[in-house]
Amino acid sequence: MPAHKLLIIEDDTDLAEAIGKKFSNSGFEVVCATEGRHGVQLAESERPDVVLLDLMLPDVDGTDVCRHLRQRSAIPIIIVTARTEEAERVAGLEIGADDYVTKPFSLNELVARTRALLRRTQGGLGVRSLGLAEPSGEAAPPGPSPGEELSAAGIRMDVAGHRVAVDDQEVSLTPTEFRLLKALLEHAGKVATRQQLLETGWGSAAEDSHLLEVHIANLRAKVEENPQNPKRIQTIRGFGYRLG
(Lines give C-alpha, C1' and ligand atoms only; values in the text may rest on other atoms or scores of the structure.)
Protein backbone atom coordinates (compact mmCIF):
# COMPACT_ATOMS: atom_id res chain seq x y z
CA MET A 1 0.00 0.00 0.00
CA PRO A 2 1.49 3.38 -0.94
CA ALA A 3 2.38 5.84 1.79
CA HIS A 4 -0.13 8.48 2.73
CA LYS A 5 0.77 11.88 1.33
CA LEU A 6 0.78 14.82 3.73
CA LEU A 7 0.66 18.47 2.68
CA ILE A 8 2.03 20.91 5.27
CA ILE A 9 1.08 24.58 4.80
CA GLU A 10 3.16 26.40 7.41
CA ASP A 11 5.25 29.57 7.12
CA ASP A 12 7.55 28.73 10.06
CA THR A 13 10.20 26.86 8.09
CA ASP A 14 11.87 25.38 11.19
CA LEU A 15 8.56 24.01 12.45
CA ALA A 16 7.56 22.78 9.00
CA GLU A 17 10.90 20.99 8.71
CA ALA A 18 10.48 19.36 12.13
CA ILE A 19 6.92 18.25 11.32
CA GLY A 20 7.97 17.00 7.91
CA LYS A 21 10.87 15.00 9.33
CA LYS A 22 8.66 13.43 11.98
CA PHE A 23 6.01 12.40 9.47
CA SER A 24 8.62 11.15 6.97
CA ASN A 25 10.12 8.98 9.69
CA SER A 26 6.59 7.75 10.42
CA GLY A 27 6.12 6.53 6.85
CA PHE A 28 4.41 9.51 5.22
CA GLU A 29 5.26 11.16 1.95
CA VAL A 30 5.55 14.89 2.72
CA VAL A 31 5.19 18.03 0.62
CA CYS A 32 5.42 21.53 2.07
CA ALA A 33 4.33 25.08 1.28
CA THR A 34 5.17 28.23 3.24
CA GLU A 35 2.42 30.34 1.65
CA GLY A 36 -1.29 29.78 1.27
CA ARG A 37 -1.46 30.23 -2.50
CA HIS A 38 1.36 27.76 -3.04
CA GLY A 39 -0.37 25.35 -0.67
CA VAL A 40 -3.55 25.50 -2.75
CA GLN A 41 -1.52 24.81 -5.89
CA LEU A 42 0.16 21.80 -4.26
CA ALA A 43 -3.20 20.50 -3.04
CA GLU A 44 -4.42 20.50 -6.64
CA SER A 45 -1.26 19.07 -8.22
CA GLU A 46 -0.08 16.62 -5.54
CA ARG A 47 -3.50 15.29 -4.44
CA PRO A 48 -2.50 14.76 -0.79
CA ASP A 49 -4.43 12.51 1.57
CA VAL A 50 -4.46 15.03 4.42
CA VAL A 51 -3.51 18.67 5.00
CA LEU A 52 -1.92 20.29 8.06
CA LEU A 53 -2.81 23.96 7.77
CA ASP A 54 -1.49 26.91 9.75
CA LEU A 55 -4.01 29.74 10.11
CA MET A 56 -1.41 32.52 10.22
CA LEU A 57 0.16 32.66 6.76
CA PRO A 58 2.08 35.55 5.17
CA ASP A 59 0.02 35.98 1.98
CA VAL A 60 -3.55 34.90 2.78
CA ASP A 61 -5.38 33.93 5.94
CA GLY A 62 -5.42 30.20 6.61
CA THR A 63 -9.20 30.27 6.97
CA ASP A 64 -9.45 31.39 3.34
CA VAL A 65 -7.21 28.49 2.31
CA CYS A 66 -9.35 26.08 4.30
CA ARG A 67 -12.53 27.42 2.73
CA HIS A 68 -11.03 27.16 -0.77
CA LEU A 69 -9.91 23.56 -0.24
CA ARG A 70 -13.22 22.51 1.27
CA GLN A 71 -15.21 23.98 -1.59
CA ARG A 72 -13.26 21.82 -4.03
CA SER A 73 -12.77 18.53 -2.20
CA ALA A 74 -13.48 16.45 0.87
CA ILE A 75 -9.80 16.25 1.80
CA PRO A 76 -9.24 15.92 5.58
CA ILE A 77 -7.87 19.15 7.06
CA ILE A 78 -6.23 19.59 10.45
CA ILE A 79 -5.66 23.17 11.54
CA VAL A 80 -2.36 23.78 13.30
CA THR A 81 -2.36 27.20 14.93
CA ALA A 82 -0.97 29.45 17.63
CA ARG A 83 -4.37 31.10 17.94
CA THR A 84 -5.70 29.82 21.22
CA GLU A 85 -8.93 31.82 21.33
CA GLU A 86 -11.96 29.56 21.18
CA ALA A 87 -13.63 31.74 18.54
CA GLU A 88 -10.65 31.30 16.19
CA ARG A 89 -10.70 27.53 16.54
CA VAL A 90 -14.45 27.35 16.05
CA ALA A 91 -14.17 29.54 12.95
CA GLY A 92 -11.82 27.00 11.38
CA LEU A 93 -14.21 24.15 12.11
CA GLU A 94 -17.16 26.10 10.76
CA ILE A 95 -15.56 26.41 7.34
CA GLY A 96 -14.82 22.72 7.08
CA ALA A 97 -11.70 21.71 9.03
CA ASP A 98 -11.94 18.24 10.57
CA ASP A 99 -9.75 18.82 13.62
CA TYR A 100 -7.29 21.28 15.12
CA VAL A 101 -4.23 21.36 17.37
CA THR A 102 -2.79 24.41 19.08
CA LYS A 103 0.87 25.32 19.35
CA PRO A 104 2.97 24.19 21.10
CA PHE A 105 2.06 20.57 20.55
CA SER A 106 3.62 17.13 20.71
CA LEU A 107 4.78 15.80 17.35
CA ASN A 108 3.89 12.30 18.49
CA GLU A 109 0.36 13.46 19.28
CA LEU A 110 0.10 15.23 15.92
CA VAL A 111 1.09 12.05 14.06
CA ALA A 112 -1.35 10.00 16.15
CA ARG A 113 -4.23 12.39 15.49
CA THR A 114 -3.45 12.48 11.79
CA ARG A 115 -3.37 8.70 11.58
CA ALA A 116 -6.63 8.49 13.50
CA LEU A 117 -8.26 10.88 11.04
CA LEU A 118 -6.98 8.83 8.11
CA ARG A 119 -8.21 5.58 9.71
CA ARG A 120 -11.65 7.12 9.80
CA THR A 121 -11.52 7.71 6.07
CA GLN A 122 -11.51 4.81 3.67
CA GLY A 123 -8.25 4.49 1.80
CA GLY A 124 -6.89 7.73 3.26
CA LEU A 125 -9.56 9.77 1.44
CA GLY A 126 -7.86 12.91 0.13
CA VAL A 127 -9.75 14.12 -2.92
CA ARG A 128 -10.21 10.53 -4.03
CA SER A 129 -13.21 9.21 -2.08
CA LEU A 130 -15.30 9.61 1.04
CA GLY A 131 -14.67 7.64 4.19
CA LEU A 132 -16.48 5.88 6.99
CA ALA A 133 -15.64 5.68 10.66
CA GLU A 134 -13.59 2.87 12.12
CA PRO A 135 -13.67 2.52 15.92
CA SER A 136 -10.27 3.44 17.33
CA GLY A 137 -8.21 0.42 18.29
CA GLU A 138 -10.76 -2.05 16.89
CA ALA A 139 -11.03 -3.99 13.68
CA ALA A 140 -13.01 -2.28 10.95
CA PRO A 141 -16.61 -3.47 10.67
CA PRO A 142 -17.65 -5.37 7.56
CA GLY A 143 -18.08 -3.12 4.54
CA PRO A 144 -21.55 -2.17 3.39
CA SER A 145 -23.36 -4.40 0.96
CA PRO A 146 -23.67 -3.07 -2.58
CA GLY A 147 -26.64 -0.76 -2.75
CA GLU A 148 -27.08 -0.52 1.05
CA GLU A 149 -29.11 2.55 1.86
CA LEU A 150 -30.10 4.36 5.03
CA SER A 151 -33.04 6.73 5.07
CA ALA A 152 -35.07 8.81 7.50
CA ALA A 153 -36.70 12.25 7.68
CA GLY A 154 -36.35 12.85 3.96
CA ILE A 155 -32.64 11.99 3.94
CA ARG A 156 -31.27 9.09 1.89
CA MET A 157 -27.71 7.82 2.18
CA ASP A 158 -26.12 5.44 -0.30
CA VAL A 159 -23.50 4.02 2.06
CA ALA A 160 -21.43 2.14 -0.51
CA GLY A 161 -21.58 5.01 -3.00
CA HIS A 162 -20.93 7.64 -0.32
CA ARG A 163 -23.79 9.79 -1.59
CA VAL A 164 -26.46 11.69 0.31
CA ALA A 165 -29.72 13.23 -0.92
CA VAL A 166 -32.10 15.48 0.98
CA ASP A 167 -35.60 15.58 -0.48
CA ASP A 168 -34.09 13.98 -3.62
CA GLN A 169 -31.49 16.74 -3.96
CA GLU A 170 -27.91 15.52 -3.65
CA VAL A 171 -25.78 17.32 -1.08
CA SER A 172 -22.02 17.32 -0.60
CA LEU A 173 -20.70 16.41 2.85
CA THR A 174 -17.24 16.43 4.37
CA PRO A 175 -15.90 13.07 5.63
CA THR A 176 -16.72 13.98 9.24
CA GLU A 177 -20.23 15.16 8.35
CA PHE A 178 -20.80 11.92 6.46
CA ARG A 179 -19.78 9.81 9.46
CA LEU A 180 -21.95 11.81 11.86
CA LEU A 181 -24.98 11.65 9.57
CA LYS A 182 -24.51 7.91 9.09
CA ALA A 183 -24.52 7.44 12.87
CA LEU A 184 -27.66 9.57 13.21
CA LEU A 185 -29.40 7.62 10.45
CA GLU A 186 -28.47 4.34 12.13
CA HIS A 187 -30.06 5.69 15.33
CA ALA A 188 -33.02 7.30 13.55
CA GLY A 189 -35.82 8.00 16.02
CA LYS A 190 -33.46 7.35 18.94
CA VAL A 191 -30.94 9.53 20.73
CA ALA A 192 -27.32 9.29 19.62
CA THR A 193 -25.36 10.45 22.65
CA ARG A 194 -22.71 13.12 22.45
CA GLN A 195 -20.04 10.59 23.37
CA GLN A 196 -21.19 8.16 20.68
CA LEU A 197 -21.00 10.90 18.08
CA LEU A 198 -17.62 12.14 19.31
CA GLU A 199 -16.25 8.62 19.01
CA THR A 200 -17.76 8.28 15.54
CA GLY A 201 -16.26 11.54 14.37
CA TRP A 202 -12.91 11.68 16.14
CA GLY A 203 -12.20 8.43 17.99
CA SER A 204 -12.53 7.13 21.51
CA ALA A 205 -10.24 9.78 23.04
CA ALA A 206 -12.28 12.73 21.75
CA GLU A 207 -13.50 15.08 24.46
CA ASP A 208 -13.89 18.49 22.80
CA SER A 209 -17.61 19.21 22.59
CA HIS A 210 -16.99 22.17 20.27
CA LEU A 211 -15.89 19.78 17.53
CA LEU A 212 -19.26 18.06 17.66
CA GLU A 213 -21.37 21.21 18.06
CA VAL A 214 -19.78 22.97 15.10
CA HIS A 215 -20.00 19.94 12.81
CA ILE A 216 -23.64 19.37 13.74
CA ALA A 217 -24.31 23.02 12.90
CA ASN A 218 -22.56 22.57 9.55
CA LEU A 219 -24.56 19.40 8.91
CA ARG A 220 -27.83 21.15 9.72
CA ALA A 221 -26.95 23.88 7.24
CA LYS A 222 -26.95 21.20 4.54
CA VAL A 223 -29.94 19.05 5.53
CA GLU A 224 -32.38 21.45 7.21
CA GLU A 225 -34.81 23.76 5.45
CA ASN A 226 -34.22 26.26 8.28
CA PRO A 227 -31.02 25.47 10.20
CA GLN A 228 -32.01 27.97 12.90
CA ASN A 229 -35.15 25.94 13.57
CA PRO A 230 -34.03 22.37 12.86
CA LYS A 231 -36.69 19.74 12.31
CA ARG A 232 -34.53 16.81 11.22
CA ILE A 233 -31.58 16.88 13.62
CA GLN A 234 -32.98 17.69 17.04
CA THR A 235 -30.92 18.56 20.11
CA ILE A 236 -31.84 16.47 23.14
CA ARG A 237 -30.38 18.60 25.90
CA GLY A 238 -28.14 16.77 28.31
CA PHE A 239 -27.97 13.68 26.09
CA GLY A 240 -27.16 14.27 22.41
CA TYR A 241 -29.02 14.44 19.11
CA ARG A 242 -31.88 12.62 17.45
CA LEU A 243 -32.68 12.35 13.75
CA GLY A 244 -36.34 12.38 12.80
# chains A, B, ... in the order shown; residues from 1 in each chain; ligands from 1
$ select_by_dssp --residues "segment 17-222 of chain A" --states "helix (DSSP H, G or I)" --output "short mmCIF file (atom, residue, chain, number, x, y, z; two decimals) with N, CA and C atoms, in the first residue's frame"
data_model
loop_
_atom_site.label_atom_id
_atom_site.label_comp_id
_atom_site.auth_asym_id
_atom_site.auth_seq_id
_atom_site.Cartn_x
_atom_site.Cartn_y
_atom_site.Cartn_z
N GLU A 17 9.86 22.00 8.90
CA GLU A 17 10.90 20.99 8.71
C GLU A 17 10.82 19.91 9.78
N ALA A 18 10.58 20.33 11.03
CA ALA A 18 10.48 19.36 12.13
C ALA A 18 9.26 18.46 11.94
N ILE A 19 8.13 19.05 11.56
CA ILE A 19 6.92 18.25 11.32
C ILE A 19 7.15 17.30 10.16
N GLY A 20 7.73 17.82 9.08
CA GLY A 20 7.97 17.00 7.91
C GLY A 20 8.88 15.82 8.21
N LYS A 21 9.94 16.07 8.97
CA LYS A 21 10.87 15.00 9.33
C LYS A 21 10.18 13.93 10.16
N LYS A 22 9.36 14.37 11.12
CA LYS A 22 8.66 13.43 11.98
C LYS A 22 7.71 12.55 11.16
N PHE A 23 6.96 13.17 10.26
CA PHE A 23 6.01 12.40 9.47
C PHE A 23 6.74 11.51 8.45
N SER A 24 7.84 11.99 7.90
CA SER A 24 8.62 11.15 6.97
C SER A 24 9.14 9.91 7.68
N ASN A 25 9.62 10.11 8.90
CA ASN A 25 10.12 8.98 9.69
C ASN A 25 8.98 8.04 10.11
N GLY A 36 0.02 30.36 1.52
CA GLY A 36 -1.29 29.78 1.27
C GLY A 36 -1.56 29.49 -0.19
N ARG A 37 -1.20 30.42 -1.07
CA ARG A 37 -1.46 30.23 -2.50
C ARG A 37 -0.69 29.03 -3.05
N HIS A 38 0.57 28.91 -2.61
CA HIS A 38 1.36 27.76 -3.04
C HIS A 38 0.77 26.47 -2.49
N GLY A 39 0.26 26.53 -1.26
CA GLY A 39 -0.37 25.35 -0.67
C GLY A 39 -1.57 24.89 -1.47
N VAL A 40 -2.39 25.84 -1.93
CA VAL A 40 -3.55 25.50 -2.75
C VAL A 40 -3.09 24.84 -4.05
N GLN A 41 -2.04 25.39 -4.65
CA GLN A 41 -1.52 24.81 -5.89
C GLN A 41 -1.04 23.37 -5.67
N LEU A 42 -0.34 23.15 -4.55
CA LEU A 42 0.16 21.80 -4.26
C LEU A 42 -1.00 20.85 -3.97
N ALA A 43 -2.04 21.35 -3.32
CA ALA A 43 -3.20 20.50 -3.04
C ALA A 43 -3.82 20.01 -4.35
N GLU A 44 -3.83 20.86 -5.35
CA GLU A 44 -4.42 20.50 -6.64
C GLU A 44 -3.50 19.61 -7.47
N SER A 45 -2.19 19.84 -7.38
CA SER A 45 -1.26 19.07 -8.22
C SER A 45 -0.79 17.77 -7.56
N GLU A 46 -0.63 17.78 -6.24
CA GLU A 46 -0.08 16.62 -5.54
C GLU A 46 -1.14 15.66 -5.02
N GLY A 62 -5.22 31.65 6.71
CA GLY A 62 -5.42 30.20 6.61
C GLY A 62 -6.88 29.80 6.51
N THR A 63 -7.78 30.60 7.09
CA THR A 63 -9.20 30.27 6.97
C THR A 63 -9.67 30.35 5.51
N ASP A 64 -9.10 31.29 4.76
CA ASP A 64 -9.45 31.39 3.34
C ASP A 64 -8.94 30.17 2.56
N VAL A 65 -7.75 29.70 2.94
CA VAL A 65 -7.21 28.49 2.31
C VAL A 65 -8.09 27.30 2.63
N CYS A 66 -8.49 27.18 3.89
CA CYS A 66 -9.35 26.08 4.30
C CYS A 66 -10.67 26.11 3.54
N ARG A 67 -11.26 27.28 3.44
CA ARG A 67 -12.53 27.42 2.73
C ARG A 67 -12.37 27.03 1.26
N HIS A 68 -11.28 27.47 0.65
CA HIS A 68 -11.03 27.16 -0.77
C HIS A 68 -10.89 25.65 -0.97
N LEU A 69 -10.11 24.99 -0.10
CA LEU A 69 -9.91 23.56 -0.24
C LEU A 69 -11.21 22.80 -0.03
N ARG A 70 -11.98 23.23 0.97
CA ARG A 70 -13.22 22.51 1.27
C ARG A 70 -14.25 22.66 0.16
N GLN A 71 -14.26 23.78 -0.50
CA GLN A 71 -15.21 23.98 -1.59
C GLN A 71 -14.91 23.07 -2.77
N ARG A 72 -13.67 22.60 -2.87
CA ARG A 72 -13.26 21.82 -4.03
C ARG A 72 -13.04 20.35 -3.76
N GLU A 86 -10.94 30.52 21.58
CA GLU A 86 -11.96 29.56 21.18
C GLU A 86 -12.63 29.97 19.88
N ALA A 87 -12.93 31.26 19.73
CA ALA A 87 -13.63 31.74 18.54
C ALA A 87 -12.82 31.45 17.28
N GLU A 88 -11.49 31.56 17.36
CA GLU A 88 -10.65 31.30 16.19
C GLU A 88 -10.70 29.83 15.81
N ARG A 89 -10.65 28.96 16.82
CA ARG A 89 -10.70 27.53 16.54
C ARG A 89 -12.05 27.13 15.95
N VAL A 90 -13.11 27.66 16.54
CA VAL A 90 -14.45 27.35 16.05
C VAL A 90 -14.62 27.84 14.62
N ALA A 91 -14.06 29.01 14.31
CA ALA A 91 -14.17 29.54 12.95
C ALA A 91 -13.57 28.57 11.94
N GLY A 92 -12.44 27.97 12.28
CA GLY A 92 -11.82 27.00 11.38
C GLY A 92 -12.70 25.78 11.17
N LEU A 93 -13.33 25.31 12.23
CA LEU A 93 -14.21 24.15 12.11
C LEU A 93 -15.45 24.49 11.30
N GLU A 94 -15.94 25.70 11.46
CA GLU A 94 -17.16 26.10 10.76
C GLU A 94 -16.98 26.13 9.25
N LEU A 107 4.75 16.38 18.69
CA LEU A 107 4.78 15.80 17.35
C LEU A 107 4.21 14.40 17.34
N ASN A 108 4.45 13.65 18.40
CA ASN A 108 3.89 12.30 18.49
C ASN A 108 2.37 12.36 18.49
N GLU A 109 1.81 13.32 19.24
CA GLU A 109 0.36 13.46 19.28
C GLU A 109 -0.18 13.87 17.91
N LEU A 110 0.55 14.77 17.23
CA LEU A 110 0.10 15.23 15.92
C LEU A 110 0.06 14.07 14.93
N VAL A 111 1.08 13.22 14.94
CA VAL A 111 1.09 12.05 14.06
C VAL A 111 -0.07 11.12 14.41
N ALA A 112 -0.28 10.90 15.72
CA ALA A 112 -1.35 10.00 16.15
C ALA A 112 -2.72 10.52 15.72
N ARG A 113 -2.94 11.83 15.86
CA ARG A 113 -4.23 12.39 15.49
C ARG A 113 -4.43 12.36 13.97
N THR A 114 -3.35 12.55 13.24
CA THR A 114 -3.45 12.48 11.79
C THR A 114 -3.76 11.06 11.34
N ARG A 115 -3.09 10.09 11.93
CA ARG A 115 -3.37 8.70 11.58
C ARG A 115 -4.80 8.32 11.94
N ALA A 116 -5.26 8.80 13.10
CA ALA A 116 -6.63 8.49 13.50
C ALA A 116 -7.63 9.06 12.51
N LEU A 117 -7.37 10.28 12.04
CA LEU A 117 -8.26 10.88 11.04
C LEU A 117 -8.25 10.08 9.75
N LEU A 118 -7.08 9.62 9.33
CA LEU A 118 -6.98 8.83 8.11
C LEU A 118 -7.63 7.46 8.27
N ARG A 119 -7.54 6.87 9.48
CA ARG A 119 -8.21 5.58 9.71
C ARG A 119 -9.71 5.72 9.56
N GLN A 122 -11.85 6.02 4.43
CA GLN A 122 -11.51 4.81 3.67
C GLN A 122 -10.41 5.09 2.67
N GLY A 123 -9.35 4.34 2.75
CA GLY A 123 -8.25 4.49 1.80
C GLY A 123 -7.52 5.80 1.91
N GLY A 124 -7.62 6.50 3.09
CA GLY A 124 -6.89 7.73 3.26
C GLY A 124 -7.61 8.94 2.70
N PRO A 175 -16.01 14.42 5.06
CA PRO A 175 -15.90 13.07 5.63
C PRO A 175 -16.49 13.00 7.05
N THR A 176 -16.21 14.00 7.87
CA THR A 176 -16.72 13.98 9.24
C THR A 176 -18.24 14.12 9.26
N GLU A 177 -18.77 15.01 8.44
CA GLU A 177 -20.23 15.16 8.35
C GLU A 177 -20.88 13.86 7.90
N PHE A 178 -20.26 13.18 6.96
CA PHE A 178 -20.80 11.92 6.46
C PHE A 178 -20.87 10.88 7.58
N ARG A 179 -19.80 10.78 8.37
CA ARG A 179 -19.78 9.81 9.46
C ARG A 179 -20.83 10.14 10.51
N LEU A 180 -20.96 11.42 10.85
CA LEU A 180 -21.95 11.81 11.86
C LEU A 180 -23.37 11.55 11.36
N LEU A 181 -23.64 11.88 10.11
CA LEU A 181 -24.98 11.65 9.57
C LEU A 181 -25.28 10.16 9.50
N LYS A 182 -24.31 9.36 9.13
CA LYS A 182 -24.51 7.91 9.09
C LYS A 182 -24.89 7.39 10.47
N ALA A 183 -24.20 7.87 11.51
CA ALA A 183 -24.52 7.44 12.87
C ALA A 183 -25.93 7.88 13.26
N LEU A 184 -26.31 9.09 12.89
CA LEU A 184 -27.66 9.57 13.21
C LEU A 184 -28.72 8.77 12.47
N LEU A 185 -28.46 8.43 11.21
CA LEU A 185 -29.40 7.62 10.45
C LEU A 185 -29.54 6.22 11.05
N GLU A 186 -28.43 5.67 11.51
CA GLU A 186 -28.47 4.34 12.13
C GLU A 186 -29.24 4.35 13.44
N ARG A 194 -23.85 12.29 22.84
CA ARG A 194 -22.71 13.12 22.45
C ARG A 194 -21.45 12.29 22.37
N GLN A 195 -21.25 11.39 23.36
CA GLN A 195 -20.04 10.59 23.37
C GLN A 195 -20.00 9.63 22.19
N GLN A 196 -21.15 9.04 21.85
CA GLN A 196 -21.19 8.16 20.68
C GLN A 196 -20.79 8.91 19.42
N LEU A 197 -21.30 10.12 19.28
CA LEU A 197 -21.00 10.90 18.08
C LEU A 197 -19.56 11.40 18.07
N LEU A 198 -19.03 11.75 19.23
CA LEU A 198 -17.62 12.14 19.31
C LEU A 198 -16.72 10.98 18.89
N GLU A 199 -17.04 9.78 19.37
CA GLU A 199 -16.25 8.62 19.01
C GLU A 199 -16.37 8.31 17.52
N THR A 200 -17.57 8.50 16.98
CA THR A 200 -17.76 8.28 15.54
C THR A 200 -16.95 9.26 14.72
N GLY A 201 -16.94 10.52 15.15
CA GLY A 201 -16.26 11.54 14.37
C GLY A 201 -14.78 11.62 14.58
N TRP A 202 -14.33 11.40 15.85
CA TRP A 202 -12.91 11.68 16.14
C TRP A 202 -12.21 10.61 16.96
N SER A 209 -16.23 19.11 23.03
CA SER A 209 -17.61 19.21 22.59
C SER A 209 -17.79 20.21 21.46
N HIS A 210 -16.87 21.19 21.34
CA HIS A 210 -16.99 22.17 20.27
C HIS A 210 -16.85 21.52 18.90
N LEU A 211 -16.02 20.49 18.79
CA LEU A 211 -15.89 19.78 17.53
C LEU A 211 -17.24 19.26 17.08
N LEU A 212 -17.97 18.63 17.99
CA LEU A 212 -19.26 18.06 17.66
C LEU A 212 -20.29 19.14 17.37
N GLU A 213 -20.36 20.16 18.21
CA GLU A 213 -21.37 21.21 18.06
C GLU A 213 -21.23 21.92 16.72
N VAL A 214 -19.99 22.24 16.35
CA VAL A 214 -19.78 22.97 15.10
C VAL A 214 -20.10 22.09 13.90
N HIS A 215 -19.72 20.82 13.94
CA HIS A 215 -20.00 19.94 12.81
C HIS A 215 -21.50 19.64 12.70
N ILE A 216 -22.19 19.54 13.81
CA ILE A 216 -23.64 19.37 13.74
C ILE A 216 -24.28 20.61 13.13
N ALA A 217 -23.78 21.78 13.49
CA ALA A 217 -24.31 23.02 12.90
C ALA A 217 -24.06 23.04 11.39
N ASN A 218 -22.86 22.63 10.98
CA ASN A 218 -22.56 22.57 9.55
C ASN A 218 -23.46 21.56 8.83
N LEU A 219 -23.71 20.43 9.49
CA LEU A 219 -24.56 19.40 8.91
C LEU A 219 -25.99 19.90 8.78
N ARG A 220 -26.47 20.59 9.79
CA ARG A 220 -27.83 21.15 9.72
C ARG A 220 -27.96 22.15 8.57
N ALA A 221 -26.90 22.90 8.33
CA ALA A 221 -26.95 23.88 7.24
C ALA A 221 -27.16 23.20 5.89
N LYS A 222 -26.84 21.92 5.81
CA LYS A 222 -26.95 21.20 4.54
C LYS A 222 -28.21 20.34 4.44
#
$ select_by_dssp --residues "segment 67-121 of chain A" --states "strand (DSSP E or B)" --output "count of residues only"
9
$ closest_residue --among "A:Asp54, A:Glu29, A:Asp98, A:Glu170" --to "Ala16 of chain A" --atoms "only C-alpha atoms"
A:Asp54
$ closest_residue --among "A:Pro2, A:Pro48, A:Gly96, A:Gly161" --to "Glu149 of chain A" --atoms "only C-alpha atoms"
A:Gly161
